[in-house]
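Student: Okay, so here is entry-v4.txt, and as you'll see once you scroll down, it has compact mmCIF, C-alpha atoms and all ligand atoms.
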# COMPACT_ATOMS: atom_id res chain seq x y z
CA MET A 145 -24.14 20.92 29.05
CA LYS A 146 -20.98 22.66 27.92
CA ASP A 147 -20.98 24.39 24.55
CA LYS A 148 -20.24 22.01 21.71
CA LYS A 149 -17.05 22.51 19.77
CA THR A 150 -17.30 23.49 16.12
CA VAL A 151 -15.15 21.64 13.62
CA ARG A 152 -14.69 22.34 9.93
CA SER A 153 -14.39 19.35 7.69
CA GLY A 154 -13.88 18.47 4.04
CA ILE A 155 -14.68 15.46 1.92
CA VAL A 156 -12.22 13.93 -0.55
CA GLY A 157 -14.02 11.84 -3.16
CA ALA A 158 -17.57 12.34 -4.41
CA GLY A 159 -18.90 8.82 -4.93
CA PHE A 160 -20.78 6.21 -2.94
CA SER A 161 -18.89 6.41 0.34
CA ALA A 162 -18.70 10.22 0.21
CA SER A 163 -22.51 10.17 0.22
CA PHE A 164 -22.98 8.02 3.29
CA HIS A 165 -20.24 9.94 5.13
CA PHE A 166 -22.14 13.17 4.49
CA GLU A 167 -25.38 11.57 5.74
CA ALA A 168 -23.60 10.39 8.89
CA ILE A 169 -22.07 13.82 9.52
CA GLY A 170 -25.62 15.18 9.52
CA LYS A 171 -26.38 12.92 12.50
CA VAL A 172 -23.37 13.92 14.64
CA TYR A 173 -24.70 15.27 17.95
CA GLY A 174 -21.58 15.81 20.11
CA THR A 175 -19.86 18.30 17.80
CA ASN A 176 -21.02 21.07 15.49
CA VAL A 177 -19.62 19.95 12.17
CA GLU A 178 -19.46 22.41 9.33
CA VAL A 179 -18.75 20.66 6.03
CA VAL A 180 -16.84 23.26 4.08
CA GLY A 181 -16.41 21.51 0.78
CA VAL A 182 -15.38 18.63 -1.40
CA HIS A 183 -12.38 17.80 -3.54
CA ALA A 184 -12.55 14.95 -6.05
CA LEU A 185 -11.14 13.93 -9.39
CA GLU A 186 -14.66 13.34 -10.69
CA GLY A 187 -18.18 14.24 -9.58
CA ALA A 188 -17.31 17.08 -7.21
CA GLN A 189 -19.54 19.73 -8.88
CA GLN A 190 -22.67 17.62 -8.71
CA TYR A 191 -21.92 16.40 -5.18
CA ALA A 192 -21.32 19.95 -3.96
CA ALA A 193 -24.35 21.46 -5.70
CA ARG A 194 -26.67 18.90 -4.13
CA ARG A 195 -25.36 19.68 -0.66
CA GLY A 196 -24.67 23.43 -0.92
CA ILE A 197 -20.94 23.16 -0.27
CA GLU A 198 -17.85 24.49 -2.01
CA VAL A 199 -15.73 22.66 -4.59
CA PHE A 200 -11.96 22.74 -4.07
CA ASP A 201 -9.79 22.18 -7.12
CA SER A 202 -6.88 21.04 -5.00
CA LEU A 203 -6.57 19.04 -1.80
CA ASP A 204 -4.12 21.58 -0.47
CA ALA A 205 -6.60 24.43 -0.85
CA MET A 206 -9.19 22.42 1.07
CA LEU A 207 -6.71 21.53 3.81
CA ASP A 208 -6.23 25.28 4.44
CA GLN A 209 -9.87 25.48 5.49
CA VAL A 210 -10.54 22.34 7.54
CA ASP A 211 -9.64 20.39 10.71
CA VAL A 212 -10.88 16.96 9.56
CA VAL A 213 -10.87 15.28 6.14
CA HIS A 214 -12.94 12.31 5.08
CA VAL A 215 -10.83 10.15 2.76
CA CYS A 216 -13.56 8.65 0.57
CA THR A 217 -11.43 8.07 -2.52
CA THR A 218 -10.47 4.94 -4.41
CA ALA A 219 -8.17 2.87 -2.20
CA SER A 220 -5.10 3.56 -4.34
CA SER A 221 -5.03 7.18 -3.17
CA HIS A 222 -5.73 6.70 0.57
CA GLU A 223 -2.06 6.90 1.56
CA GLU A 224 -1.34 10.06 -0.42
CA VAL A 225 -4.43 11.91 0.82
CA ALA A 226 -4.14 10.81 4.45
CA ILE A 227 -0.45 11.70 4.68
CA ALA A 228 -1.11 15.13 3.14
CA ALA A 229 -3.73 15.73 5.86
CA LEU A 230 -1.61 14.41 8.73
CA LYS A 231 1.37 16.55 7.66
CA ARG A 232 -0.83 19.56 8.22
CA ASP A 233 -2.12 18.20 11.55
CA LYS A 234 -5.59 17.47 10.14
CA PHE A 235 -7.45 14.35 11.23
CA ALA A 236 -7.88 11.80 8.45
CA ILE A 237 -11.01 9.64 8.55
CA VAL A 238 -9.85 6.94 6.12
CA GLU A 239 -12.23 4.54 4.42
CA LYS A 240 -11.36 0.86 4.22
CA PRO A 241 -9.05 -0.59 3.10
CA LEU A 242 -6.45 1.62 4.78
CA THR A 243 -3.93 1.08 1.99
CA GLY A 244 -2.36 -1.70 -0.11
CA TYR A 245 -0.39 -2.38 -3.26
CA PHE A 246 -1.72 -0.98 -6.52
CA GLY A 247 0.74 -2.26 -9.07
CA ASP A 248 3.79 -0.89 -10.78
CA GLY A 249 2.02 2.04 -12.44
CA SER A 250 1.71 0.34 -15.82
CA ASP A 251 -1.71 0.52 -17.49
CA ASP A 252 -1.72 -3.19 -18.22
CA PHE A 253 -0.70 -4.27 -14.70
CA ASP A 254 -2.16 -7.72 -14.09
CA GLY A 255 -3.20 -8.40 -10.51
CA GLU A 256 -3.40 -12.09 -11.12
CA THR A 257 0.09 -12.91 -12.24
CA PHE A 258 2.54 -10.70 -10.33
CA PRO A 259 4.29 -12.17 -7.23
CA LYS A 260 2.16 -11.61 -4.16
CA ALA A 261 5.24 -11.33 -1.92
CA ASP A 262 5.92 -8.04 -3.75
CA ALA A 263 2.40 -6.85 -2.95
CA LEU A 264 2.96 -7.72 0.70
CA SER A 265 6.25 -5.84 1.00
CA HIS A 266 4.85 -2.77 -0.79
CA ALA A 267 1.70 -2.81 1.36
CA LEU A 268 3.71 -3.11 4.58
CA ALA A 269 5.92 -0.20 3.44
CA SER A 270 2.81 1.87 2.75
CA ILE A 271 1.38 1.05 6.20
CA LYS A 272 4.66 2.07 7.83
CA ARG A 273 4.73 5.40 5.96
CA MET A 274 1.18 6.13 7.14
CA LEU A 275 1.90 5.14 10.75
CA ALA A 276 5.06 7.27 10.73
CA ALA A 277 3.09 10.26 9.41
CA GLU A 278 0.53 9.75 12.19
CA GLN A 279 3.30 9.53 14.79
CA GLU A 280 4.72 12.88 13.67
CA SER A 281 1.33 14.57 13.46
CA LYS A 282 -0.79 16.24 16.12
CA ALA A 283 -3.76 14.56 14.43
CA LYS A 284 -4.69 10.92 13.92
CA ILE A 285 -5.83 8.34 11.42
CA LEU A 286 -9.42 7.39 12.21
CA TYR A 287 -10.06 4.10 10.43
CA ALA A 288 -13.60 3.95 9.04
CA GLU A 289 -14.27 0.27 9.72
CA ASN A 290 -17.98 0.55 10.33
CA TRP A 291 -18.31 -3.07 11.48
CA VAL A 292 -16.44 -2.12 14.66
CA TYR A 293 -19.18 0.41 15.43
CA ALA A 294 -22.11 -1.76 14.35
CA PRO A 295 -24.34 -2.04 17.45
CA ALA A 296 -24.18 -5.86 17.43
CA ILE A 297 -20.35 -5.84 17.51
CA GLN A 298 -20.32 -3.21 20.27
CA LYS A 299 -22.75 -5.32 22.32
CA GLU A 300 -20.37 -8.27 21.92
CA ARG A 301 -17.53 -6.01 23.12
CA GLU A 302 -19.54 -5.36 26.31
CA ILE A 303 -20.05 -9.11 26.83
CA LEU A 304 -16.33 -9.79 26.41
CA GLU A 305 -15.28 -6.97 28.73
CA LYS A 306 -17.78 -7.79 31.49
CA THR A 307 -17.45 -11.58 31.48
CA GLY A 308 -13.75 -12.01 30.69
CA ALA A 309 -14.77 -14.51 28.00
CA GLN A 310 -12.27 -16.37 25.86
CA ILE A 311 -13.18 -16.43 22.17
CA LEU A 312 -12.40 -19.87 20.78
CA PHE A 313 -13.65 -19.52 17.21
CA ILE A 314 -15.03 -16.70 15.10
CA HIS A 315 -16.63 -17.14 11.75
CA GLY A 316 -17.90 -14.33 9.63
CA GLU A 317 -18.79 -13.31 6.16
CA GLU A 318 -19.42 -10.36 3.90
CA ALA A 319 -21.16 -11.39 0.69
CA HIS A 320 -22.67 -9.32 -2.13
CA SER A 321 -23.75 -9.81 -5.72
CA GLY A 322 -21.04 -7.39 -6.89
CA SER A 323 -19.67 -3.92 -6.23
CA HIS A 324 -21.06 -0.79 -7.89
CA ALA A 325 -17.68 0.89 -8.51
CA TYR A 326 -16.05 0.34 -11.92
CA THR A 327 -12.58 0.72 -10.37
CA TYR A 328 -13.32 -2.15 -7.95
CA GLY A 329 -12.75 -4.69 -10.74
CA TYR A 330 -9.10 -3.65 -11.20
CA TRP A 331 -6.32 -4.57 -8.77
CA LYS A 332 -4.46 -1.36 -9.68
CA PHE A 333 -7.24 0.73 -8.11
CA SER A 334 -8.58 -1.57 -5.38
CA GLY A 335 -5.37 -3.25 -4.23
CA GLY A 336 -6.90 -6.71 -4.60
CA GLY A 337 -10.24 -8.38 -5.01
CA VAL A 338 -13.06 -9.39 -2.73
CA MET A 339 -10.67 -10.68 -0.06
CA ILE A 340 -9.61 -7.10 0.65
CA GLY A 341 -12.67 -5.20 -0.63
CA LYS A 342 -15.24 -7.13 1.38
CA GLY A 343 -13.16 -9.44 3.58
CA CYS A 344 -11.63 -6.48 5.43
CA HIS A 345 -14.98 -5.90 7.20
CA PRO A 346 -15.55 -9.23 9.00
CA LEU A 347 -11.78 -9.64 9.41
CA GLY A 348 -11.52 -6.17 10.96
CA ALA A 349 -14.32 -7.02 13.39
CA ALA A 350 -12.70 -10.37 14.28
CA LEU A 351 -9.30 -8.76 14.92
CA TYR A 352 -11.02 -6.03 16.94
CA LEU A 353 -12.89 -8.50 19.17
CA LYS A 354 -9.78 -10.60 19.85
CA ALA A 355 -7.94 -7.37 20.74
CA VAL A 356 -10.79 -6.39 23.08
CA GLU A 357 -10.69 -9.84 24.71
CA GLY A 358 -6.94 -9.63 25.32
CA ARG A 359 -7.08 -6.09 26.69
CA ALA A 360 -9.99 -6.94 29.01
CA ARG A 361 -8.28 -9.96 30.58
CA ASP A 362 -4.53 -9.26 30.34
CA GLY A 363 -4.21 -5.59 29.37
CA LYS A 364 -2.84 -6.36 25.90
CA PRO A 365 -4.48 -7.24 22.60
CA ILE A 366 -4.46 -10.77 21.17
CA LEU A 367 -3.07 -10.43 17.65
CA PRO A 368 -3.25 -12.51 14.47
CA ALA A 369 -0.22 -14.79 14.13
CA ALA A 370 -0.71 -16.72 10.87
CA VAL A 371 -3.13 -17.06 7.96
CA SER A 372 -4.03 -19.64 5.31
CA ALA A 373 -6.21 -18.51 2.43
CA ARG A 374 -7.81 -19.45 -0.86
CA THR A 375 -9.08 -17.08 -3.55
CA HIS A 376 -11.16 -17.84 -6.63
CA ALA A 377 -12.48 -15.94 -9.65
CA ILE A 378 -15.76 -17.77 -10.16
CA THR A 379 -17.40 -15.20 -12.49
CA ARG A 380 -14.34 -15.26 -14.76
CA MET A 381 -14.39 -19.05 -15.23
CA PRO A 382 -15.16 -19.91 -18.86
CA ASN A 383 -17.94 -22.20 -17.65
CA PHE A 384 -19.67 -19.51 -15.49
CA ARG A 385 -23.26 -19.37 -16.73
CA ASP A 386 -24.09 -15.66 -16.55
CA GLU A 387 -27.83 -14.97 -16.18
CA GLY A 388 -27.26 -11.26 -15.48
CA HIS A 389 -27.94 -11.24 -11.72
CA ILE A 390 -24.34 -11.11 -10.55
CA ARG A 391 -21.74 -8.55 -11.67
CA SER A 392 -19.25 -10.35 -13.87
CA ASP A 393 -16.95 -7.79 -15.51
CA TYR A 394 -14.03 -8.04 -13.11
CA HIS A 395 -10.66 -7.63 -14.76
CA ASP A 396 -7.95 -9.27 -12.63
CA ILE A 397 -9.39 -9.80 -9.14
CA ASP A 398 -10.84 -12.58 -6.98
CA ASP A 399 -14.61 -12.73 -6.33
CA MET A 400 -14.61 -15.47 -3.68
CA SER A 401 -12.20 -15.92 -0.78
CA LEU A 402 -11.62 -17.65 2.54
CA MET A 403 -9.09 -16.68 5.22
CA HIS A 404 -8.30 -18.98 8.14
CA VAL A 405 -6.57 -16.89 10.81
CA VAL A 406 -4.71 -18.34 13.80
CA PHE A 407 -4.22 -15.92 16.69
CA THR A 408 -1.23 -15.75 19.04
CA ASP A 409 -3.27 -17.64 21.68
CA GLY A 410 -3.97 -20.53 19.27
CA THR A 411 -7.66 -19.66 18.71
CA VAL A 412 -9.01 -19.21 15.19
CA ALA A 413 -11.22 -17.18 12.85
CA ASP A 414 -12.62 -18.17 9.44
CA ILE A 415 -13.58 -15.25 7.23
CA PHE A 416 -15.51 -15.63 3.99
CA ALA A 417 -15.90 -12.86 1.41
CA SER A 418 -17.62 -13.09 -1.92
CA ASP A 419 -19.32 -11.18 -4.70
CA ILE A 420 -21.39 -14.11 -5.95
CA VAL A 421 -24.32 -14.22 -3.52
CA LEU A 422 -27.88 -13.26 -4.45
CA GLY A 423 -30.76 -12.22 -2.21
CA GLY A 424 -29.26 -9.08 -0.65
CA ILE A 425 -25.99 -8.58 1.14
CA HIS A 426 -25.10 -11.17 3.77
CA ASN A 427 -22.95 -9.68 6.51
CA TRP A 428 -22.64 -11.55 9.79
CA LEU A 429 -20.15 -12.59 12.45
CA GLU A 430 -20.50 -15.46 14.89
CA VAL A 431 -18.46 -15.72 18.08
CA ALA A 432 -18.07 -19.07 19.87
CA ALA A 433 -16.62 -18.34 23.32
CA ASN A 434 -15.97 -20.41 26.43
CA ASN A 435 -18.97 -18.91 28.24
CA HIS A 436 -21.33 -17.67 25.50
CA ARG A 437 -22.08 -17.73 21.82
CA THR A 438 -23.16 -14.70 19.80
CA VAL A 439 -24.43 -14.23 16.29
CA CYS A 440 -24.12 -10.63 15.06
CA ASN A 441 -26.48 -10.18 12.12
CA ILE A 442 -25.44 -6.92 10.54
CA ASN A 443 -27.37 -7.33 7.32
CA PRO A 444 -29.94 -8.77 6.93
CA ASN A 445 -31.54 -8.95 10.33
CA THR A 446 -35.07 -9.54 11.50
CA ALA A 447 -35.77 -6.13 13.03
CA MET A 448 -38.52 -5.91 10.40
CA GLN A 449 -40.14 -8.52 8.17
CA THR A 450 -42.54 -7.60 5.39
CA TYR A 451 -44.61 -9.53 2.90
CA ASN A 452 -45.22 -7.57 -0.32
CA ALA A 453 -47.86 -8.98 -2.66
CA ALA A 454 -46.65 -7.22 -5.84
CA GLU A 455 -43.23 -5.88 -6.89
CA GLU A 456 -44.86 -2.65 -8.18
CA ASN A 457 -46.13 -1.70 -4.67
CA PHE A 458 -42.60 -1.13 -3.41
CA LYS A 459 -41.20 0.66 -6.45
CA ASP A 460 -40.43 3.81 -4.42
CA ILE A 461 -39.45 1.98 -1.24
CA TYR A 462 -35.85 1.18 -0.31
CA VAL A 463 -35.84 -2.21 1.37
CA VAL A 464 -32.29 -3.35 2.00
CA GLU A 465 -28.94 -3.26 0.12
CA LYS A 466 -28.68 -5.24 -3.14
CA ILE A 467 -31.88 -7.24 -2.70
CA GLY A 468 -32.90 -8.58 -6.11
CA SER A 469 -36.67 -8.53 -5.79
CA LYS A 470 -39.01 -6.72 -3.38
CA GLN A 471 -41.90 -9.11 -3.92
CA GLY A 472 -42.76 -11.72 -1.30
CA TRP A 473 -41.14 -11.82 2.13
CA SER A 474 -38.19 -9.51 2.83
CA ASN A 475 -36.33 -8.02 5.79
CA PRO A 476 -36.48 -4.26 5.25
CA SER A 477 -33.92 -2.50 7.40
CA PRO A 478 -35.72 0.26 9.31
CA ASP A 479 -32.37 2.09 9.64
CA GLU A 480 -29.71 0.33 7.58
CA ASP A 481 -26.99 2.89 8.29
CA TRP A 482 -27.50 2.47 12.05
CA PHE A 483 -27.27 -1.33 11.93
CA THR A 484 -24.16 -0.96 9.75
CA GLY A 485 -22.44 1.41 12.18
CA TYR A 486 -22.01 4.45 9.92
CA PRO A 487 -23.41 7.20 12.17
CA GLN A 488 -21.80 5.68 15.27
CA GLU A 489 -18.31 5.65 13.71
CA ILE A 490 -18.56 9.25 12.51
CA GLU A 491 -19.85 10.43 15.91
CA ALA A 492 -16.94 8.64 17.61
CA PHE A 493 -14.41 10.15 15.18
CA TYR A 494 -15.57 13.70 15.85
CA ARG A 495 -15.44 13.04 19.60
CA ALA A 496 -11.86 11.86 19.09
CA ALA A 497 -10.98 14.93 17.05
CA THR A 498 -12.54 17.46 19.44
CA LEU A 499 -12.37 15.84 22.88
CA GLY A 500 -9.41 13.52 22.41
CA GLU A 501 -11.52 10.45 23.18
CA PRO A 502 -9.87 7.15 22.23
CA VAL A 503 -11.20 5.42 19.10
CA GLU A 504 -12.15 1.77 18.86
CA SER A 505 -11.15 1.61 15.18
CA ASP A 506 -7.66 3.04 14.95
CA SER A 507 -4.63 2.89 12.67
CA ARG A 508 -3.27 -0.20 14.45
CA LEU A 509 -6.41 -2.21 13.71
CA ALA A 510 -6.28 -0.94 10.12
CA ALA A 511 -2.61 -1.90 9.78
CA ASN A 512 -3.14 -5.41 11.17
CA THR A 513 -6.11 -5.93 8.86
CA ILE A 514 -4.06 -5.00 5.79
CA SER A 515 -1.07 -7.05 6.88
CA THR A 516 -3.29 -10.11 7.44
CA ILE A 517 -4.95 -9.73 4.04
CA TYR A 518 -1.73 -9.31 2.04
CA ASN A 519 -0.24 -12.29 3.87
CA ALA A 520 -3.46 -14.11 2.91
CA TYR A 521 -2.82 -13.27 -0.77
CA VAL A 522 0.69 -14.76 -0.38
CA SER A 523 -0.90 -17.89 1.10
CA ALA A 524 -3.54 -18.10 -1.66
CA GLU A 525 -0.79 -17.97 -4.26
CA LYS A 526 0.59 -21.12 -2.58
CA ALA A 527 -2.89 -22.76 -2.61
CA GLY A 528 -3.43 -22.17 1.11
CA ALA A 529 -0.03 -22.74 2.76
CA GLU A 530 0.17 -21.09 6.19
CA VAL A 531 1.98 -17.73 6.32
CA ALA A 532 3.15 -15.89 9.47
CA ILE A 533 1.80 -12.35 9.90
CA GLU A 534 3.80 -9.22 10.78
CA THR A 535 1.66 -7.17 13.15
CA PHE A 536 1.74 -3.63 14.48
N1 LIG A 601 -17.33 1.15 4.56
C1 LIG A 601 -18.10 0.81 3.56
O1 LIG A 601 -19.16 0.20 3.74
C2 LIG A 601 -17.71 1.20 2.16
C3 LIG A 601 -18.64 1.07 1.12
C4 LIG A 601 -18.24 1.46 -0.17
C5 LIG A 601 -16.96 1.92 -0.39
N2 LIG A 601 -16.09 2.02 0.64
C6 LIG A 601 -14.68 2.48 0.42
O2 LIG A 601 -14.73 3.86 0.07
C7 LIG A 601 -13.67 4.16 -0.85
C8 LIG A 601 -14.28 4.82 -2.09
O3 LIG A 601 -15.22 3.93 -2.66
P1 LIG A 601 -16.53 4.46 -3.38
O4 LIG A 601 -17.43 3.29 -3.48
O5 LIG A 601 -17.00 5.71 -2.71
O6 LIG A 601 -15.92 4.80 -4.82
P2 LIG A 601 -16.55 5.70 -5.96
O7 LIG A 601 -15.92 5.21 -7.22
O8 LIG A 601 -18.04 5.74 -5.84
O9 LIG A 601 -15.98 7.18 -5.63
C9 LIG A 601 -14.60 7.46 -5.57
C10 LIG A 601 -14.39 8.97 -5.63
O10 LIG A 601 -13.00 9.26 -5.32
C11 LIG A 601 -12.51 10.19 -6.29
N3 LIG A 601 -11.04 10.05 -6.34
C12 LIG A 601 -10.32 8.95 -6.69
N4 LIG A 601 -9.00 9.21 -6.54
C13 LIG A 601 -8.89 10.49 -6.09
C14 LIG A 601 -7.80 11.33 -5.73
N5 LIG A 601 -6.53 10.93 -5.82
N6 LIG A 601 -8.09 12.57 -5.30
C15 LIG A 601 -9.36 13.01 -5.22
N7 LIG A 601 -10.44 12.26 -5.55
C16 LIG A 601 -10.21 11.01 -5.97
C17 LIG A 601 -13.25 9.84 -7.56
O11 LIG A 601 -13.18 10.89 -8.48
C18 LIG A 601 -14.65 9.60 -7.00
O12 LIG A 601 -15.33 10.82 -6.83
C19 LIG A 601 -12.98 2.84 -1.17
O13 LIG A 601 -11.82 2.73 -0.40
C20 LIG A 601 -14.00 1.80 -0.76
O14 LIG A 601 -13.40 0.58 -0.35
C21 LIG A 601 -16.45 1.69 1.91
Using structure tokens, write down the structure that the file contains.
Ligand SMILES: NC(=O)c1ccc[n+]([C@@H]2O[C@H](COP(=O)([O-])OP(=O)(O)OC[C@H]3O[C@@H](n4cnc5c(N)ncnc54)[C@H](O)[C@@H]3O)[C@@H](O)[C@H]2O)c1

Tutor:
Amino acid sequence: MKDKKTVRSGIVGAGFSASFHFEAIGKVYGTNVEVVGVHALEGAQQYAARRGIEVFDSLDAMLDQVDVVHVCTTASSHEEVAIAALKRDKFAIVEKPLTGYFGDGSDDFDGETFPKADALSHALASIKRMLAAEQESKAKILYAENWVYAPAIQKEREILEKTGAQILFIHGEEAHSGSHAYTYGYWKFSGGGVMIGKGCHPLGAALYLKAVEGRARDGKPILPAAVSARTHAITRMPNFRDEGHIRSDYHDIDDMSLMHVVFTDGTVADIFASDIVLGGIHNWLEVAANNHRTVCNINPNTAMQTYNAAEENFKDIYVVEKIGSKQGWSNPSPDEDWFTGYPQEIEAFYRAATLGEPVESDSRLAANTISTIYNAYVSAEKAGAEVAIETF
């Protein structure tokens, strides 16, 4: 085997996603990755000390030292950080959502009441700035949509490519009992509510699979054409009976959403996203095709089933994300990151950066995901009227 290339990388952000990115980098086998350091507004010292890496006070100083940056910051800064990297020909691994609209800069910006057509035009402008920066750069945007790399979705890709299947209907869901990040509750940081924060995952996978189908049969992707959507803020209803199991301090965002997407070939996808579901995260995608049907269970799945007689027994044992109780029957994930696609996406991104291999989850998929979601917010504002989607 030829000598592996060595790449120097840096992390921007020091929170939840910065942690699983670092874990995944540790599993990269095709490239020698040297993580030089971290730059973050908050938490950098602690993050760096735990991992034995340097802290950079400025992004620019870190960019001097690295070839790849992991953009693990709050969504409102993805554009700024990614463009700074691309301008210096550094690859930008950008967490979801790629970008969006984060208000007018006022502290009291209210995500509920401003016109969603404004959000759409600002988000499309942001996408275009990022795509233009990529076009001018020697490097690329690598869109960290882990669902694309989840083994179940990649197996479905193989089925589509080898059988020439036509997908007739996709339904999928990402559901949690709330997000851990404080900023997630504010449109001005997150660019929307659960429809973007969680919905981008199953939507991204659905758009990816329809693109795969089109490329396999006709050499060009099948794209989303129109969307109808509803959003709700269930935990902010005055009659929500809070028993403390579901996060309920959201400021101006939706916590339950549904997108109905019609593709250019007339086939459809229904994507649910919510933050009001107990019993562990519920992430799945079902494909109904003309020659097969697939259910991708990302989390939970039945790779392992355990009965635990007493809660106390499992006090030091991680079972699966956001499960409420460990007593009784549960589905512990023997390798949750693997089922979720984290190590696979990071491996693929380093192969793209060092060997020029094409990526499955690229800026075009990211752009079409964001465009679909902001058009969905326009539709939701009109109580579900269909809206045509601009695609890239
Ligand atoms: N793919 C997934 O499964 C997944 C899971 C969680 C979060 N995410 C995404 O990761 C991103 C970050 O979320 P998180 O949960 O890690 O948030 P977090 O709040 O845990 O951490 C955010 C970090 O970014 C830093 N930061 C914010 N703006 C910055 C800027 N301009 N420059 C430098 N540092 C900045 C903060 O100081 C903090 O250290 C979000 O886009 C989120 O949607 C993805």

Student: List as an MDAnalysis selection string the protein and nucleic acid residues lying within 9 Å of ligand LIG 601 (chain A), with all atoms listed in the file counted.

Tutor: chainID A and resid 156:164 183:188 191 202:203 215:222 224:225 238:243 288:291 323:328 333:334 340:342 345 484 486

Student: Filtering to C-alpha atoms, could you give me those residues as a PDB file, keeping the file's coordinate frame?

Tutor:
ATOM      1  CA  VAL A 156     -12.220  13.930  -0.550  1.00  0.00           C
ATOM      2  CA  GLY A 157     -14.020  11.840  -3.160  1.00  0.00           C
ATOM      3  CA  ALA A 158     -17.570  12.340  -4.410  1.00  0.00           C
ATOM      4  CA  GLY A 159     -18.900   8.820  -4.930  1.00  0.00           C
ATOM      5  CA  PHE A 160     -20.780   6.210  -2.940  1.00  0.00           C
ATOM      6  CA  SER A 161     -18.890   6.410   0.340  1.00  0.00           C
ATOM      7  CA  ALA A 162     -18.700  10.220   0.210  1.00  0.00           C
ATOM      8  CA  SER A 163     -22.510  10.170   0.220  1.00  0.00           C
ATOM      9  CA  PHE A 164     -22.980   8.020   3.290  1.00  0.00           C
ATOM     10  CA  HIS A 183     -12.380  17.800  -3.540  1.00  0.00           C
ATOM     11  CA  ALA A 184     -12.550  14.950  -6.050  1.00  0.00           C
ATOM     12  CA  LEU A 185     -11.140  13.930  -9.390  1.00  0.00           C
ATOM     13  CA  GLU A 186     -14.660  13.340 -10.690  1.00  0.00           C
ATOM     14  CA  GLY A 187     -18.180  14.240  -9.580  1.00  0.00           C
ATOM     15  CA  ALA A 188     -17.310  17.080  -7.210  1.00  0.00           C
ATOM     16  CA  TYR A 191     -21.920  16.400  -5.180  1.00  0.00           C
ATOM     17  CA  SER A 202      -6.880  21.040  -5.000  1.00  0.00           C
ATOM     18  CA  LEU A 203      -6.570  19.040  -1.800  1.00  0.00           C
ATOM     19  CA  VAL A 215     -10.830  10.150   2.760  1.00  0.00           C
ATOM     20  CA  CYS A 216     -13.560   8.650   0.570  1.00  0.00           C
ATOM     21  CA  THR A 217     -11.430   8.070  -2.520  1.00  0.00           C
ATOM     22  CA  THR A 218     -10.470   4.940  -4.410  1.00  0.00           C
ATOM     23  CA  ALA A 219      -8.170   2.870  -2.200  1.00  0.00           C
ATOM     24  CA  SER A 220      -5.100   3.560  -4.340  1.00  0.00           C
ATOM     25  CA  SER A 221      -5.030   7.180  -3.170  1.00  0.00           C
ATOM     26  CA  HIS A 222      -5.730   6.700   0.570  1.00  0.00           C
ATOM     27  CA  GLU A 224      -1.340  10.060  -0.420  1.00  0.00           C
ATOM     28  CA  VAL A 225      -4.430  11.910   0.820  1.00  0.00           C
ATOM     29  CA  VAL A 238      -9.850   6.940   6.120  1.00  0.00           C
ATOM     30  CA  GLU A 239     -12.230   4.540   4.420  1.00  0.00           C
ATOM     31  CA  LYS A 240     -11.360   0.860   4.220  1.00  0.00           C
ATOM     32  CA  PRO A 241      -9.050  -0.590   3.100  1.00  0.00           C
ATOM     33  CA  LEU A 242      -6.450   1.620   4.780  1.00  0.00           C
ATOM     34  CA  THR A 243      -3.930   1.080   1.990  1.00  0.00           C
ATOM     35  CA  ALA A 288     -13.600   3.950   9.040  1.00  0.00           C
ATOM     36  CA  GLU A 289     -14.270   0.270   9.720  1.00  0.00           C
ATOM     37  CA  ASN A 290     -17.980   0.550  10.330  1.00  0.00           C
ATOM     38  CA  TRP A 291     -18.310  -3.070  11.480  1.00  0.00           C
ATOM     39  CA  SER A 323     -19.670  -3.920  -6.230  1.00  0.00           C
ATOM     40  CA  HIS A 324     -21.060  -0.790  -7.890  1.00  0.00           C
ATOM     41  CA  ALA A 325     -17.680   0.890  -8.510  1.00  0.00           C
ATOM     42  CA  TYR A 326     -16.050   0.340 -11.920  1.00  0.00           C
ATOM     43  CA  THR A 327     -12.580   0.720 -10.370  1.00  0.00           C
ATOM     44  CA  TYR A 328     -13.320  -2.150  -7.950  1.00  0.00           C
ATOM     45  CA  PHE A 333      -7.240   0.730  -8.110  1.00  0.00           C
ATOM     46  CA  SER A 334      -8.580  -1.570  -5.380  1.00  0.00           C
ATOM     47  CA  ILE A 340      -9.610  -7.100   0.650  1.00  0.00           C
ATOM     48  CA  GLY A 341     -12.670  -5.200  -0.630  1.00  0.00           C
ATOM     49  CA  LYS A 342     -15.240  -7.130   1.380  1.00  0.00           C
ATOM     50  CA  HIS A 345     -14.980  -5.900   7.200  1.00  0.00           C
ATOM     51  CA  THR A 484     -24.160  -0.960   9.750  1.00  0.00           C
ATOM     52  CA  TYR A 486     -22.010   4.450   9.920  1.00  0.00           C
TER      53      TYR A 486
END

Student: Can you pull out the residues contacting Gly181 of chain A? Cut-off 6 Å, using all atoms listed in the file, and skip same-chain residues under 6 positions away; I want them as a count of residues only.

Tutor: 4

Student: Report the distance between atom CA of Val522 of chain A and atom CA of Val371 of chain A in Å, rounded to one decimal place.

Tutor: 9.5 Å

Student: Select from segment 282-391 of chain A every residue with an atom at most 9 Å from any atom of segment 444-466 of chain A, then for each give the shortest pair of atoms and their distance in Å to one decimal, using only C-alpha atoms, rows by chain and rising number, as CSV.

Tutor:
residue,atom,partner,partner_atom,distance
A:His320,CA,A:Lys466,CA,7.3
A:Ser321,CA,A:Lys466,CA,7.2
A:Gly322,CA,A:Lys466,CA,8.8

Student: Check the smallest atom-to-atom distance from each of A:Met403, A:Ala228, A:Ala193, A:Ile420 to Ala527 of chain A using all atoms listed in the file, then report the winner.

Tutor: A:Met403
